[in-house]
Amino acid sequence: MAEEAILGYLATSEEIPDSDQFASQHGFQHNDVVNVIKSLHGFRYIDAQDIKRESWVLTDEGKKYAADGSPEIQLFLAVPQEGSISKDELQKKLEPSVFKIGCSQAGKNKWVDMGKQVSRKVQHVEDKVKDLLIRIQKGEALCKDDINSLKARKLIVAQTWKGYSVKKGPNYAPTRKKVATDLTRENLQRGDWKELEFKEYNFNAKGPPAEAGHLHPLLKVKQQLKNIFLQLGFEEMPTNNFVESRYFWNFDALFQPQQHPARDSHDTFFLEVPSTTRELPEEYVKLVKRVHESGGYGSRGYMYDWKKEEANKNLLRTHTTAVSTRMLYALAKQPFTPKRYFSIDRVFRNESVDRTHLAEFHQIEGLVCDKGLTLGDLIGVLNDFFSRLGMSKLRFKPAYNPYTEPSMEIFSYHEGLKKWVEIGNSGMFRPEMLLPMGFPEDVRVIAWGLSLERPTMILYGVDNIRDLFGHKVDLSLMKRNPICRLGID
Ligand code: PHE
């Protein structure tokens, strides 16, 4: 064993000057000797000093020439002893890199005449490069000039070799005493605990990593958003149905015309089974049909033939506003009470996936339903909500949604990116949507929506959405991700 050999050697000798020599003299691997030295040094049985040596090793190119000969010799040998060979012919005989380097080196050495025709200038040459490379492989020392020329041609590189010189340490003993790490029942029975030497506690050692479940960043941000909504007095809407009747709760009831481009098959996932919904509230459906076709409540409607078959088709909801619509419909059936609702859940869009888009993502949606609300109330609520997320500088831009009027895109100033970024969409639901549900005429609903992924990516510094969500996510992300708090810089 290397340990016994080292301790034994030091019993009679002052020093082991070089761990490498020691290893080869005693038939050990240098690596094993180094490990033992580190351990014995840790327990102060020995003192170890670093020694470093620079040595030269062949690069891959160097190894090739040591085996096959240098390019210049290969080129020289390809030129006939008498007469000449055309440069094109010569090129065909050699590897491209050998030809290129060979031409320049053999020319420099004045071995050949380089022209359209190549001929030998001397009859006999020696492959000094190959000889030098072989000497390096054998571990021989070369003179400075030779080293420099090989280094310049990138045929060798320096390698630092590390080893140790070793002397006795303050705790030196010819054999290492075994220290006990545990006090066992047997130690107590035998009574040998009195003589045992125990290993000291290492209070600086790291404990084993805790094996526990970890929350996904989206879940953590979602929880914080929920808390914000709850603090503001919002109730959570039930969002546990991903499938909606295609053009009813997802689009029609929202006064979104059946030929609207957003309903295009490109943007929507349809269901094959069951392909249609079983029941819709028929009385309400009639009112929705009428408002689409001919308006009412002061509106002209869209003036087209509204088709029930279209409304019956099932799809994966494209926004959580479908849920808000169902909730408002249910609310309108009761004696009026003001409400604040929110939801955070998954939506689906048939989009091509890239760094910022996924076919499924999460929407955060909030709405307030009360009499006499104005756009000023919407702006006030948005300022309050977003400032709790740490976004206090907001700007609004007029926008268009089929179901809100007026509508506003929400922008926030991003201190890191030093620019205004779009963070959400908002508006006041149209009377064409609210009145068929049966709300009193002076009831207004202000609402807004944003994605959960966007703020999570900003908080967690993720720049590709596929690293956050979906089948390409690295699971260690869940273990490593820190706690990021909304609204705190
Ligand atoms: N449903 C909208 C969207 O998908 C967001 C929104 C919600 C807009 C509520 C206005 C009001 O982007």
# chains A, B, ... in the order shown; residues from 1 in each chain; ligands from 1
$ residues_near_ligand --ligand "ligand 1" --cutoff "8 Å" --atoms "only C-alpha atoms and all ligand atoms" --output "PyMOL selection string"
chain A and resi 318-321+363+365-367+401+403-404+407-408+424-429+446-450
$ closest_atom_pairs --of "region 233-346 of chain A" --to "region 451-455 of chain A" --cutoff "10 Å" --atoms "only C-alpha atoms" --output "Markdown table"
| residue | atom | partner | partner_atom | distance |
| --- | --- | --- | --- | --- |
| A:Ile344 | CA | A:Leu452 | CA | 7.7 |
| A:Asp345 | CA | A:Leu452 | CA | 8.6 |
| A:Arg346 | CA | A:Leu452 | CA | 9.4 |
$ write_last_selection --atoms "N, CA and C atoms" --output "PDB file, in the first residue's frame"
ATOM      1  N   ILE A 344     -56.126  32.116 -12.742  1.00  0.00           N
ATOM      2  CA  ILE A 344     -54.775  31.904 -13.311  1.00  0.00           C
ATOM      3  C   ILE A 344     -54.757  30.457 -13.765  1.00  0.00           C
ATOM      4  N   ASP A 345     -54.798  30.230 -15.056  1.00  0.00           N
ATOM      5  CA  ASP A 345     -54.783  28.834 -15.510  1.00  0.00           C
ATOM      6  C   ASP A 345     -54.404  28.743 -16.982  1.00  0.00           C
ATOM      7  N   ARG A 346     -54.451  27.532 -17.453  1.00  0.00           N
ATOM      8  CA  ARG A 346     -53.881  27.213 -18.751  1.00  0.00           C
ATOM      9  C   ARG A 346     -54.823  27.529 -19.913  1.00  0.00           C
TER      10      ARG A 346
END
$ closest_residue --among "A:Gln231, A:Lys286, A:Ala322, A:Ser294" --to "Glu244 (chain A)" --atoms "only C-alpha atoms"
A:Ala322
$ residues_around --residues "Lys87 (chain A)" --least-positions-apart "4" --cutoff "8 Å" --atoms "only C-alpha atoms" --output "list in words"
Gln91, Gly115, Lys116, Gln117 and Val118 of chain A
$ write_last_selection --atoms "N, CA and C atoms" --output "PDB file, in the first residue's frame"
ATOM      1  N   GLN A  91       0.026  17.568 -55.897  1.00  0.00           N
ATOM      2  CA  GLN A  91      -1.083  17.853 -54.971  1.00  0.00           C
ATOM      3  C   GLN A  91      -1.989  16.631 -54.837  1.00  0.00           C
ATOM      4  N   GLY A 115       7.742  25.499 -58.582  1.00  0.00           N
ATOM      5  CA  GLY A 115       7.218  26.287 -59.685  1.00  0.00           C
ATOM      6  C   GLY A 115       6.013  25.529 -60.185  1.00  0.00           C
ATOM      7  N   LYS A 116       5.679  25.734 -61.464  1.00  0.00           N
ATOM      8  CA  LYS A 116       4.594  24.913 -62.026  1.00  0.00           C
ATOM      9  C   LYS A 116       5.022  23.449 -61.995  1.00  0.00           C
ATOM     10  N   GLN A 117       6.339  23.258 -62.252  1.00  0.00           N
ATOM     11  CA  GLN A 117       6.942  21.929 -62.136  1.00  0.00           C
ATOM     12  C   GLN A 117       7.779  21.920 -60.866  1.00  0.00           C
ATOM     13  N   VAL A 118       7.743  20.822 -60.127  1.00  0.00           N
ATOM     14  CA  VAL A 118       8.518  20.748 -58.893  1.00  0.00           C
ATOM     15  C   VAL A 118       9.620  19.715 -59.066  1.00  0.00           C
TER      16      VAL A 118
END
$ residues_around --residues "Val368 (chain A)" --least-positions-apart "2" --cutoff "7 Å" --atoms "only C-alpha atoms" --output "JSON, numbers by chain"
{"A": [339, 340, 341, 370, 445, 446, 447]}
$ write_last_selection --atoms "N, CA and C atoms" --output "JSON list (two decimals), in the first residue's frame"
[["chain", "number", "residue", "atom", "x", "y", "z"],
["A", 339, "LYS", "N", -68.88, 42.23, -7.86],
["A", 339, "LYS", "CA", -67.94, 41.11, -7.69],
["A", 339, "LYS", "C", -66.57, 41.47, -8.21],
["A", 340, "ARG", "N", -65.58, 40.85, -7.58],
["A", 340, "ARG", "CA", -64.22, 40.91, -8.15],
["A", 340, "ARG", "C", -63.77, 39.46, -8.31],
["A", 341, "TYR", "N", -63.42, 39.09, -9.51],
["A", 341, "TYR", "CA", -63.03, 37.71, -9.80],
["A", 341, "TYR", "C", -61.62, 37.69, -10.41],
["A", 370, "ASP", "N", -69.35, 46.04, -11.44],
["A", 370, "ASP", "CA", -70.09, 46.92, -10.51],
["A", 370, "ASP", "C", -70.86, 47.96, -11.32],
["A", 445, "VAL", "N", -68.33, 46.12, -16.51],
["A", 445, "VAL", "CA", -67.30, 45.15, -16.11],
["A", 445, "VAL", "C", -65.96, 45.60, -16.70],
["A", 446, "ILE", "N", -64.98, 45.83, -15.81],
["A", 446, "ILE", "CA", -63.64, 46.14, -16.28],
["A", 446, "ILE", "C", -62.79, 44.89, -16.11],
["A", 447, "ALA", "N", -61.90, 44.62, -17.06],
["A", 447, "ALA", "CA", -61.16, 43.35, -17.01],
["A", 447, "ALA", "C", -59.78, 43.51, -17.65]]
$ select_by_dssp --residues "region 53-218 of chain A" --states "helix (DSSP H, G or I)" --output "PyMOL selection string"
chain A and resi 60-68+71-78+87-93+96-108+128-137+144-152+185-190+192-194+217-218
$ write_last_selection --atoms "C-alpha atoms" --output "PDB file, in the first residue's frame"
ATOM      1  CA  ASP A  60      -2.487  15.743 -32.386  1.00  0.00           C
ATOM      2  CA  GLU A  61      -0.705  17.191 -35.395  1.00  0.00           C
ATOM      3  CA  GLY A  62       2.661  16.541 -33.737  1.00  0.00           C
ATOM      4  CA  LYS A  63       1.688  12.926 -33.040  1.00  0.00           C
ATOM      5  CA  LYS A  64       0.744  12.438 -36.679  1.00  0.00           C
ATOM      6  CA  TYR A  65       4.121  13.700 -37.913  1.00  0.00           C
ATOM      7  CA  ALA A  66       5.990  11.642 -35.319  1.00  0.00           C
ATOM      8  CA  ALA A  67       4.337   8.583 -36.858  1.00  0.00           C
ATOM      9  CA  ASP A  68       4.149   9.468 -40.601  1.00  0.00           C
ATOM     10  CA  PRO A  71       4.829  17.175 -44.280  1.00  0.00           C
ATOM     11  CA  GLU A  72       8.045  18.505 -45.843  1.00  0.00           C
ATOM     12  CA  ILE A  73       9.571  15.027 -45.948  1.00  0.00           C
ATOM     13  CA  GLN A  74       6.372  13.532 -47.313  1.00  0.00           C
ATOM     14  CA  LEU A  75       6.374  16.159 -50.034  1.00  0.00           C
ATOM     15  CA  PHE A  76      10.070  15.677 -50.769  1.00  0.00           C
ATOM     16  CA  LEU A  77       9.627  11.920 -51.118  1.00  0.00           C
ATOM     17  CA  ALA A  78       6.719  12.455 -53.515  1.00  0.00           C
ATOM     18  CA  LYS A  87       2.381  20.870 -59.016  1.00  0.00           C
ATOM     19  CA  ASP A  88      -1.117  19.531 -59.783  1.00  0.00           C
ATOM     20  CA  GLU A  89       0.133  15.937 -59.888  1.00  0.00           C
ATOM     21  CA  LEU A  90       2.009  16.425 -56.655  1.00  0.00           C
ATOM     22  CA  GLN A  91      -1.083  17.853 -54.971  1.00  0.00           C
ATOM     23  CA  LYS A  92      -3.068  14.759 -55.922  1.00  0.00           C
ATOM     24  CA  LYS A  93      -0.535  12.503 -54.184  1.00  0.00           C
ATOM     25  CA  PRO A  96      -4.381  18.793 -48.634  1.00  0.00           C
ATOM     26  CA  SER A  97      -2.838  19.963 -45.340  1.00  0.00           C
ATOM     27  CA  VAL A  98       0.355  17.956 -45.902  1.00  0.00           C
ATOM     28  CA  PHE A  99       0.669  19.435 -49.399  1.00  0.00           C
ATOM     29  CA  LYS A 100       0.161  22.995 -48.169  1.00  0.00           C
ATOM     30  CA  ILE A 101       2.542  22.850 -45.203  1.00  0.00           C
ATOM     31  CA  GLY A 102       4.977  20.608 -47.097  1.00  0.00           C
ATOM     32  CA  CYS A 103       5.288  23.122 -49.963  1.00  0.00           C
ATOM     33  CA  SER A 104       6.122  25.999 -47.692  1.00  0.00           C
ATOM     34  CA  GLN A 105       8.525  24.087 -45.418  1.00  0.00           C
ATOM     35  CA  ALA A 106      10.330  22.184 -48.181  1.00  0.00           C
ATOM     36  CA  GLY A 107      10.657  25.459 -50.102  1.00  0.00           C
ATOM     37  CA  LYS A 108      12.038  27.213 -47.031  1.00  0.00           C
ATOM     38  CA  LYS A 128      14.704  16.540 -38.237  1.00  0.00           C
ATOM     39  CA  VAL A 129      11.168  17.443 -37.189  1.00  0.00           C
ATOM     40  CA  LYS A 130      10.158  13.818 -36.835  1.00  0.00           C
ATOM     41  CA  ASP A 131      13.316  13.027 -34.856  1.00  0.00           C
ATOM     42  CA  LEU A 132      12.729  15.922 -32.477  1.00  0.00           C
ATOM     43  CA  LEU A 133       9.103  14.929 -31.938  1.00  0.00           C
ATOM     44  CA  ILE A 134      10.102  11.364 -31.106  1.00  0.00           C
ATOM     45  CA  ARG A 135      12.688  12.629 -28.625  1.00  0.00           C
ATOM     46  CA  ILE A 136       9.987  14.681 -26.908  1.00  0.00           C
ATOM     47  CA  GLN A 137       7.744  11.641 -26.765  1.00  0.00           C
ATOM     48  CA  LYS A 144      15.562  26.132 -26.692  1.00  0.00           C
ATOM     49  CA  ASP A 145      15.675  26.748 -30.453  1.00  0.00           C
ATOM     50  CA  ASP A 146      14.240  23.343 -31.275  1.00  0.00           C
ATOM     51  CA  ILE A 147      11.476  23.756 -28.697  1.00  0.00           C
ATOM     52  CA  ASN A 148      10.624  27.196 -30.074  1.00  0.00           C
ATOM     53  CA  SER A 149      10.421  26.027 -33.665  1.00  0.00           C
ATOM     54  CA  LEU A 150       8.144  23.091 -32.755  1.00  0.00           C
ATOM     55  CA  LYS A 151       6.030  25.352 -30.571  1.00  0.00           C
ATOM     56  CA  ALA A 152       5.687  27.910 -33.383  1.00  0.00           C
ATOM     57  CA  ARG A 185     -22.686  -1.028  21.422  1.00  0.00           C
ATOM     58  CA  GLU A 186     -19.727  -3.424  21.043  1.00  0.00           C
ATOM     59  CA  ASN A 187     -17.260  -0.694  22.114  1.00  0.00           C
ATOM     60  CA  LEU A 188     -19.297  -0.240  25.283  1.00  0.00           C
ATOM     61  CA  GLN A 189     -19.598  -3.961  26.003  1.00  0.00           C
ATOM     62  CA  ARG A 190     -15.948  -4.615  25.420  1.00  0.00           C
ATOM     63  CA  ASP A 192     -12.425  -0.577  24.536  1.00  0.00           C
ATOM     64  CA  TRP A 193     -14.039   2.867  24.151  1.00  0.00           C
ATOM     65  CA  LYS A 194     -11.615   3.992  26.873  1.00  0.00           C
ATOM     66  CA  PRO A 217     -41.116  28.730 -10.830  1.00  0.00           C
ATOM     67  CA  LEU A 218     -44.519  29.121 -12.510  1.00  0.00           C
TER      68      LEU A 218
END
$ atom_distance --atom1 "CA of Pro402 (chain A)" --atom2 "CA of Gly380 (chain A)"
22.9 Å
